[in-house]
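Here is run-v6.txt, consisting of compact mmCIF, C-alpha atoms:
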```txt
# COMPACT_ATOMS: atom_id res chain seq x y z
CA VAL P 1 10.04 -18.33 1.82
CA PRO P 2 13.37 -18.78 3.67
CA ALA P 3 13.56 -21.80 5.98
CA THR P 4 14.29 -19.46 8.90
CA PHE P 5 11.12 -17.43 8.33
CA ASP P 6 8.93 -17.26 11.44
CA ALA P 7 5.75 -15.21 11.08
CA ARG P 8 5.51 -14.77 14.85
CA THR P 9 8.58 -12.55 14.80
CA ARG P 10 7.18 -10.20 12.17
CA GLY P 11 5.93 -6.75 13.11
CA TRP P 12 2.53 -7.25 11.48
CA TYR P 13 1.97 -10.42 13.55
CA GLN P 14 2.94 -8.81 16.82
CA ASN P 15 0.90 -5.65 16.19
CA ALA P 16 -2.16 -7.63 15.14
CA LYS P 17 -1.98 -9.62 18.40
CA ILE P 18 -1.60 -6.48 20.48
CA ASN P 19 -4.38 -4.59 18.72
CA ASN P 20 -7.90 -5.87 18.32
CA THR P 21 -8.39 -4.53 14.81
CA LEU P 22 -7.07 -4.62 11.25
CA TYR P 23 -3.39 -3.62 11.09
CA TRP P 24 -1.52 -2.32 8.04
CA THR P 25 2.25 -2.26 7.75
CA LYS P 26 4.36 0.35 6.08
CA PRO P 27 5.69 -0.65 2.63
CA TYR P 28 8.53 -3.17 2.75
CA ILE P 29 10.22 -5.79 0.55
CA PHE P 30 8.55 -9.20 0.77
CA ALA P 31 10.88 -12.02 1.77
CA SER P 32 9.17 -14.46 -0.60
CA THR P 33 8.93 -12.48 -3.85
CA LYS P 34 11.34 -9.56 -3.24
CA SER P 35 8.60 -7.23 -4.50
CA ILE P 36 7.54 -4.25 -2.43
CA GLY P 37 4.13 -4.01 -0.86
CA LEU P 38 1.99 -3.88 2.27
CA THR P 39 0.76 -6.53 4.68
CA ALA P 40 -2.70 -6.41 6.22
CA ALA P 41 -3.17 -8.53 9.35
CA ILE P 42 -6.12 -9.21 11.62
CA PRO P 43 -6.36 -11.45 14.72
CA THR P 44 -8.87 -14.29 15.00
CA ILE P 45 -10.60 -14.62 18.36
CA ASP P 46 -12.31 -17.65 19.90
CA LYS P 47 -15.62 -17.59 21.78
CA SER P 48 -13.89 -16.80 25.07
CA GLY P 49 -12.29 -13.66 23.56
CA LYS P 50 -8.81 -15.16 23.38
CA LYS P 51 -6.69 -14.31 20.33
CA ILE P 52 -5.74 -17.64 18.79
CA LYS P 53 -4.37 -16.86 15.34
CA VAL P 54 -3.41 -14.00 13.03
CA VAL P 55 -4.61 -13.93 9.43
CA ALA P 56 -2.48 -11.86 7.06
CA ALA P 57 -2.31 -11.11 3.36
CA ASP P 58 0.33 -9.36 1.27
CA PHE P 59 -0.41 -7.23 -1.74
CA THR P 60 2.02 -5.31 -3.89
CA LEU P 61 2.11 -1.59 -4.50
CA GLU P 62 1.88 -2.46 -8.18
CA SER P 63 -1.70 -3.63 -7.54
CA LEU P 64 -2.54 -0.22 -6.07
CA SER P 65 -0.93 1.57 -9.02
CA THR P 66 -3.06 -0.52 -11.38
CA LEU P 67 -6.16 0.58 -9.49
CA LEU P 68 -5.18 4.26 -9.78
CA HIS P 69 -4.40 3.86 -13.48
CA GLU P 70 -7.87 2.46 -14.17
CA ARG P 71 -9.53 5.36 -12.31
CA ALA P 72 -7.32 7.96 -14.01
CA GLU P 73 -8.26 6.73 -17.47
CA LEU P 74 -11.94 7.25 -16.67
CA LEU P 75 -11.44 10.72 -15.19
CA ASP P 76 -8.59 11.96 -17.43
CA GLU P 77 -6.47 12.92 -14.43
CA ASP P 78 -3.18 12.05 -12.76
CA LEU P 79 -3.50 10.29 -9.40
CA ILE P 80 -0.73 9.68 -6.90
CA ILE P 81 -0.57 8.37 -3.33
CA PHE P 82 2.39 9.46 -1.21
CA SER P 83 3.45 9.53 2.43
CA SER P 84 4.23 12.46 4.70
CA ASN P 85 7.95 12.03 3.93
CA LYS P 86 7.35 12.26 0.14
CA GLU P 87 7.63 8.51 -0.55
CA ILE P 88 5.47 7.41 -3.48
CA LEU P 89 3.33 4.36 -2.79
CA ALA P 90 1.42 4.28 -6.06
CA ALA P 91 0.62 6.40 -9.09
CA SER P 92 -1.58 6.24 -12.17
CA PHE P 93 1.41 7.01 -14.39
CA ASN P 94 4.81 5.44 -14.92
CA TYR P 95 7.36 7.18 -12.71
CA GLY P 96 10.36 4.91 -13.31
CA LYS P 97 12.04 2.97 -10.53
CA LYS P 98 9.75 2.22 -7.60
CA VAL P 99 12.65 1.54 -5.22
CA THR P 100 16.17 3.01 -5.10
CA ALA P 101 18.80 1.68 -2.69
CA GLY P 102 16.11 -0.10 -0.69
CA GLN P 103 14.00 3.07 -0.35
CA LEU P 104 10.77 4.07 -2.07
CA THR P 105 11.09 6.68 -4.80
CA THR P 106 10.23 10.18 -3.57
CA ILE P 107 8.43 13.11 -5.14
CA ASP P 108 11.75 14.97 -5.39
CA THR P 109 12.97 12.51 -8.07
CA LEU P 110 9.94 12.95 -10.34
CA LYS P 111 10.23 14.75 -13.65
CA SER P 112 6.70 16.10 -13.18
CA VAL P 113 6.96 19.74 -12.15
CA LYS P 114 3.22 20.05 -11.49
CA ILE P 115 3.27 17.33 -8.81
CA LYS P 116 6.28 18.90 -7.10
CA ASN P 117 4.53 22.28 -7.17
CA ALA P 118 1.34 20.76 -5.74
CA TYR P 119 3.34 19.19 -2.90
CA GLN P 120 5.00 22.52 -2.14
CA GLN P 121 1.58 24.17 -1.99
CA MET P 122 0.39 21.45 0.41
CA GLN P 123 3.37 22.23 2.65
CA LYS P 124 2.05 25.78 2.82
CA GLY P 125 -1.37 24.52 3.90
CA LYS P 126 -3.00 24.85 0.45
CA PHE P 127 -4.59 21.48 -0.32
CA SER P 128 -6.32 22.63 -3.52
CA GLY P 129 -5.69 25.24 -6.16
CA GLU P 130 -3.72 25.68 -9.37
CA VAL P 131 -0.17 24.80 -10.37
CA GLU P 132 1.81 24.94 -13.59
CA ASP P 133 3.97 22.31 -15.27
CA GLN P 134 7.24 22.76 -17.16
CA LYS P 135 5.29 23.88 -20.25
CA ASN P 136 3.49 26.57 -18.25
CA GLU P 137 0.18 24.74 -18.66
CA THR P 138 -2.19 25.20 -15.72
CA PHE P 139 -3.47 22.24 -13.72
CA ILE P 140 -6.12 22.04 -11.03
CA TYR P 141 -4.96 19.98 -8.04
CA SER P 142 -6.55 18.61 -4.89
CA ILE P 143 -4.82 16.69 -2.09
CA SER P 144 -6.78 14.62 0.44
CA PRO P 145 -5.21 13.03 3.55
CA PHE P 146 -6.38 9.57 4.61
CA LYS P 147 -5.22 6.76 6.86
CA LEU P 148 -4.33 3.34 5.45
CA ILE P 149 -1.10 2.54 7.27
CA SER P 150 -1.85 2.23 10.97
CA ASP P 151 0.47 4.95 12.27
CA GLU P 152 1.01 7.29 9.33
CA ASN P 153 -1.05 9.66 7.21
CA LEU P 154 -1.05 9.16 3.47
CA TYR P 155 -2.16 11.63 0.80
CA LEU P 156 -4.11 11.17 -2.41
CA ALA P 157 -3.39 13.88 -4.98
CA THR P 158 -5.42 14.45 -8.14
CA LEU P 159 -4.31 16.75 -10.93
CA ALA P 160 -6.32 17.66 -14.02
CA GLN P 161 -5.56 20.06 -16.84
CA LYS P 162 -7.57 23.22 -16.30
CA SER P 163 -8.62 23.65 -19.93
CA THR P 164 -9.91 20.07 -20.09
CA VAL P 165 -11.90 20.18 -16.88
CA ILE P 166 -13.47 23.60 -16.59
CA GLY P 167 -13.78 24.93 -20.11
CA ASP P 168 -15.23 28.40 -19.81
CA LEU P 169 -16.37 28.12 -16.19
CA LYS P 170 -15.44 31.02 -14.00
CA GLN P 171 -12.67 30.58 -11.45
CA THR P 172 -14.93 30.90 -8.41
CA LEU P 173 -17.34 28.27 -9.70
CA TYR P 174 -14.80 25.53 -10.44
CA LEU P 175 -12.82 26.13 -7.24
CA THR P 176 -15.87 25.84 -4.96
CA ILE P 177 -17.93 23.19 -6.81
CA PHE P 178 -15.52 21.14 -8.89
CA PHE P 179 -12.89 20.69 -6.17
CA SER P 180 -15.26 20.17 -3.28
CA LEU P 181 -17.67 17.77 -4.97
CA CYS P 182 -15.93 16.14 -7.92
CA ILE P 183 -12.27 15.70 -7.11
CA THR P 184 -12.06 15.33 -3.32
CA GLY P 185 -15.41 13.65 -2.73
CA ILE P 186 -15.76 11.28 -5.69
CA ILE P 187 -12.13 10.15 -5.89
CA SER P 188 -11.89 9.46 -2.14
CA ILE P 189 -15.14 7.46 -2.17
CA ILE P 190 -14.09 5.42 -5.21
CA ILE P 191 -10.64 4.60 -3.81
CA TRP P 192 -11.99 3.56 -0.43
CA PHE P 193 -14.85 1.57 -1.96
CA LEU P 194 -12.45 -0.41 -4.13
CA LEU P 195 -9.97 -0.95 -1.30
CA ASN P 196 -12.79 -2.25 0.86
CA SER P 197 -14.05 -4.59 -1.88
CA TRP P 198 -10.63 -5.84 -2.98
CA VAL P 199 -8.75 -6.04 0.31
CA ILE P 200 -10.74 -5.71 3.53
CA LYS P 201 -13.70 -7.97 2.67
CA PRO P 202 -11.47 -10.78 1.27
CA LEU P 203 -9.27 -10.49 4.35
CA GLN P 204 -12.31 -10.95 6.57
CA GLY P 205 -13.15 -13.99 4.47
CA LEU P 206 -9.68 -15.39 5.12
CA LYS P 207 -10.27 -14.86 8.81
CA GLN P 208 -13.48 -16.89 8.64
CA ILE P 209 -11.69 -19.65 6.71
CA THR P 210 -8.96 -19.79 9.36
CA GLU P 211 -11.54 -20.03 12.15
CA SER P 212 -13.38 -22.82 10.27
CA VAL P 213 -10.15 -24.78 9.79
CA ALA P 214 -9.31 -24.34 13.49
CA ARG P 215 -12.71 -25.91 14.32
CA HIS P 216 -12.09 -28.68 11.74
CA ASP P 217 -15.20 -27.46 9.93
CA PHE P 218 -13.77 -27.97 6.45
CA ASP P 219 -17.21 -27.89 4.80
CA ALA P 220 -17.45 -24.19 5.65
CA VAL P 221 -14.28 -23.32 3.70
CA ARG P 222 -15.08 -21.34 0.55
CA HIS P 223 -12.89 -19.96 -2.21
CA ILE P 224 -12.48 -16.16 -2.10
CA LYS P 225 -12.78 -14.25 -5.34
CA SER P 226 -10.66 -11.11 -5.51
CA ARG P 227 -8.84 -8.93 -8.04
CA ILE P 228 -5.73 -9.41 -5.88
CA VAL P 229 -4.03 -12.70 -6.76
CA GLU P 230 -2.68 -13.28 -3.24
CA PHE P 231 -6.18 -13.65 -1.77
CA ASN P 232 -7.16 -16.20 -4.42
CA ASP P 233 -4.02 -18.23 -3.70
CA LEU P 234 -4.46 -18.14 0.08
CA SER P 235 -8.09 -19.36 -0.08
CA SER P 236 -7.44 -22.13 -2.65
```

Any chance you could put this one into structure tokens?
Amino acid sequence: VPATFDARTRGWYQNAKINNTLYWTKPYIFASTKSIGLTAAIPTIDKSGKKIKVVAADFTLESLSTLLHERAELLDEDLIIFSSNKEILAASFNYGKKVTAGQLTTIDTLKSVKIKNAYQQMQKGKFSGEVEDQKNETFIYSISPFKLISDENLYLATLAQKSTVIGDLKQTLYLTIFFSLCITGIISIIIWFLLNSWVIKPLQGLKQITESVARHDFDAVRHIKSRIVEFNDLSS
């Protein structure tokens, strides 16, 4: 970390102090590692209700891509998370450079025609349906909006090859049942469950550690186990 680094000047610190809840930043390049990721910050409050400290943790977008890759292998689908301005935050597949000229790679630069087509359909208000790739193979897609970054909507897109997923099912059946129950519901629940287990709960643990240290109650400090290396390091 540069000698001039002052956490109190960072946006995540200031927003966490202003707001009384968990705050997520937009993706940015970490000063310490030069890797790109997100910062989650939450204020700690004393018994009188006064905000006394801010606990924060960084995690890379590579960690999120790893999570999507593991889910995609189980479901035999492509998963991608992108922002409203087409920036790719994570994907289950290798899409080349993550950052170009200081900016996140966008959907426009992908070689995948099916993902571009799915995005175009979303722009028309169609969040599920069928698209084709460059080989004219048909894929079923579903796009679900969700909020991770505090002031911006993100989108989780799932794409599965039609012949693999539906077999001989009729079009009406797979559109109404498969999309509604399997893709949108299950994928969204899994992603949020894992994010809660890997990020939010460890972050709350870091908050408790910080409050214990502030009270000089060092016996209450416990190591936090997490799939994200940064949480393990911060609680050691």

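Among the candidate residues P:Leu110, P:Ala157, P:Leu67, P:Val54, the one lying nearest to P:Ile80 is P:Ala157, with distances computed using all atoms listed in the file.
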
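For the atom pair formed by atom CA of P:Phe30 and atom CA of P:Thr60, the distance is 8.9 Å, given to one decimal.
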
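One distance worth recording is that between atom CA of P:Ser65 and atom CA of P:Ala91, which is 5.1 Å.
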
Compile the contact shell of P:Phe93 as a CSV table (one decimal) with C-alpha atoms, keeping the file's coordinate frame: residues with an atom at most 10 Å away, counting all atoms listed in the file, same-chain residues fewer than 4 positions apart removed.
```csv
chain,number,residue,atom,x,y,z
P,65,SER,CA,-0.9,1.6,-9.0
P,66,THR,CA,-3.1,-0.5,-11.4
P,68,LEU,CA,-5.2,4.3,-9.8
P,69,HIS,CA,-4.4,3.9,-13.5
P,72,ALA,CA,-7.3,8.0,-14.0
P,77,GLU,CA,-6.5,12.9,-14.4
P,78,ASP,CA,-3.2,12.0,-12.8
P,79,LEU,CA,-3.5,10.3,-9.4
P,80,ILE,CA,-0.7,9.7,-6.9
```

Query raised in the report: In Å to one decimal, how far is atom CA of P:Lys135 from atom CA of P:Lys111?
Result: 12.3 Å

Report task. Could you give me, as number ranges by chain, the residues within 10 Å of P:Asn136, counting all atoms listed in the file and dropping anything in the same chain fewer than 5 positions from it? Result -> P: 113-114, 131

Requested in this report: Identify which of the residues P:Ile29, P:Ile18, P:Leu61, P:Ala160 lies closest to P:Glu73, counting all atoms listed in the file when measuring atom-to-atom distances.
Outcome: P:Ala160

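Of the residues under consideration (P:Asn19, P:Thr158, P:Thr39, P:Thr105), P:Thr158 shows the shortest atom-to-atom contact distance to P:Ser128 when counting all atoms listed in the file.
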
Report task. Might you pull out every residue within 10 Å of P:Ser163, with only C-alpha atoms counted and same-chain residues fewer than 6 positions away left off, and present them as a count of residues only? Result -> 5

**Report entry** Distance query 10 Å from (4.1, 0.4, -9.3) using all atoms listed in the file, result as a ChimeraX atom specification
**Finding:** /P:36-37,60-66,88-99

Mind writing the picked residues with C-alpha atoms as a PDB file, in the frame of the given file?
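The resulting again-v2.pdb:
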```pdb
ATOM      1  CA  ILE P  36       7.540  -4.250  -2.430  1.00  0.00           C
ATOM      2  CA  GLY P  37       4.130  -4.010  -0.860  1.00  0.00           C
ATOM      3  CA  THR P  60       2.020  -5.310  -3.890  1.00  0.00           C
ATOM      4  CA  LEU P  61       2.110  -1.590  -4.500  1.00  0.00           C
ATOM      5  CA  GLU P  62       1.880  -2.460  -8.180  1.00  0.00           C
ATOM      6  CA  SER P  63      -1.700  -3.630  -7.540  1.00  0.00           C
ATOM      7  CA  LEU P  64      -2.540  -0.220  -6.070  1.00  0.00           C
ATOM      8  CA  SER P  65      -0.930   1.570  -9.020  1.00  0.00           C
ATOM      9  CA  THR P  66      -3.060  -0.520 -11.380  1.00  0.00           C
ATOM     10  CA  ILE P  88       5.470   7.410  -3.480  1.00  0.00           C
ATOM     11  CA  LEU P  89       3.330   4.360  -2.790  1.00  0.00           C
ATOM     12  CA  ALA P  90       1.420   4.280  -6.060  1.00  0.00           C
ATOM     13  CA  ALA P  91       0.620   6.400  -9.090  1.00  0.00           C
ATOM     14  CA  SER P  92      -1.580   6.240 -12.170  1.00  0.00           C
ATOM     15  CA  PHE P  93       1.410   7.010 -14.390  1.00  0.00           C
ATOM     16  CA  ASN P  94       4.810   5.440 -14.920  1.00  0.00           C
ATOM     17  CA  TYR P  95       7.360   7.180 -12.710  1.00  0.00           C
ATOM     18  CA  GLY P  96      10.360   4.910 -13.310  1.00  0.00           C
ATOM     19  CA  LYS P  97      12.040   2.970 -10.530  1.00  0.00           C
ATOM     20  CA  LYS P  98       9.750   2.220  -7.600  1.00  0.00           C
ATOM     21  CA  VAL P  99      12.650   1.540  -5.220  1.00  0.00           C
TER      22      VAL P  99
END
```
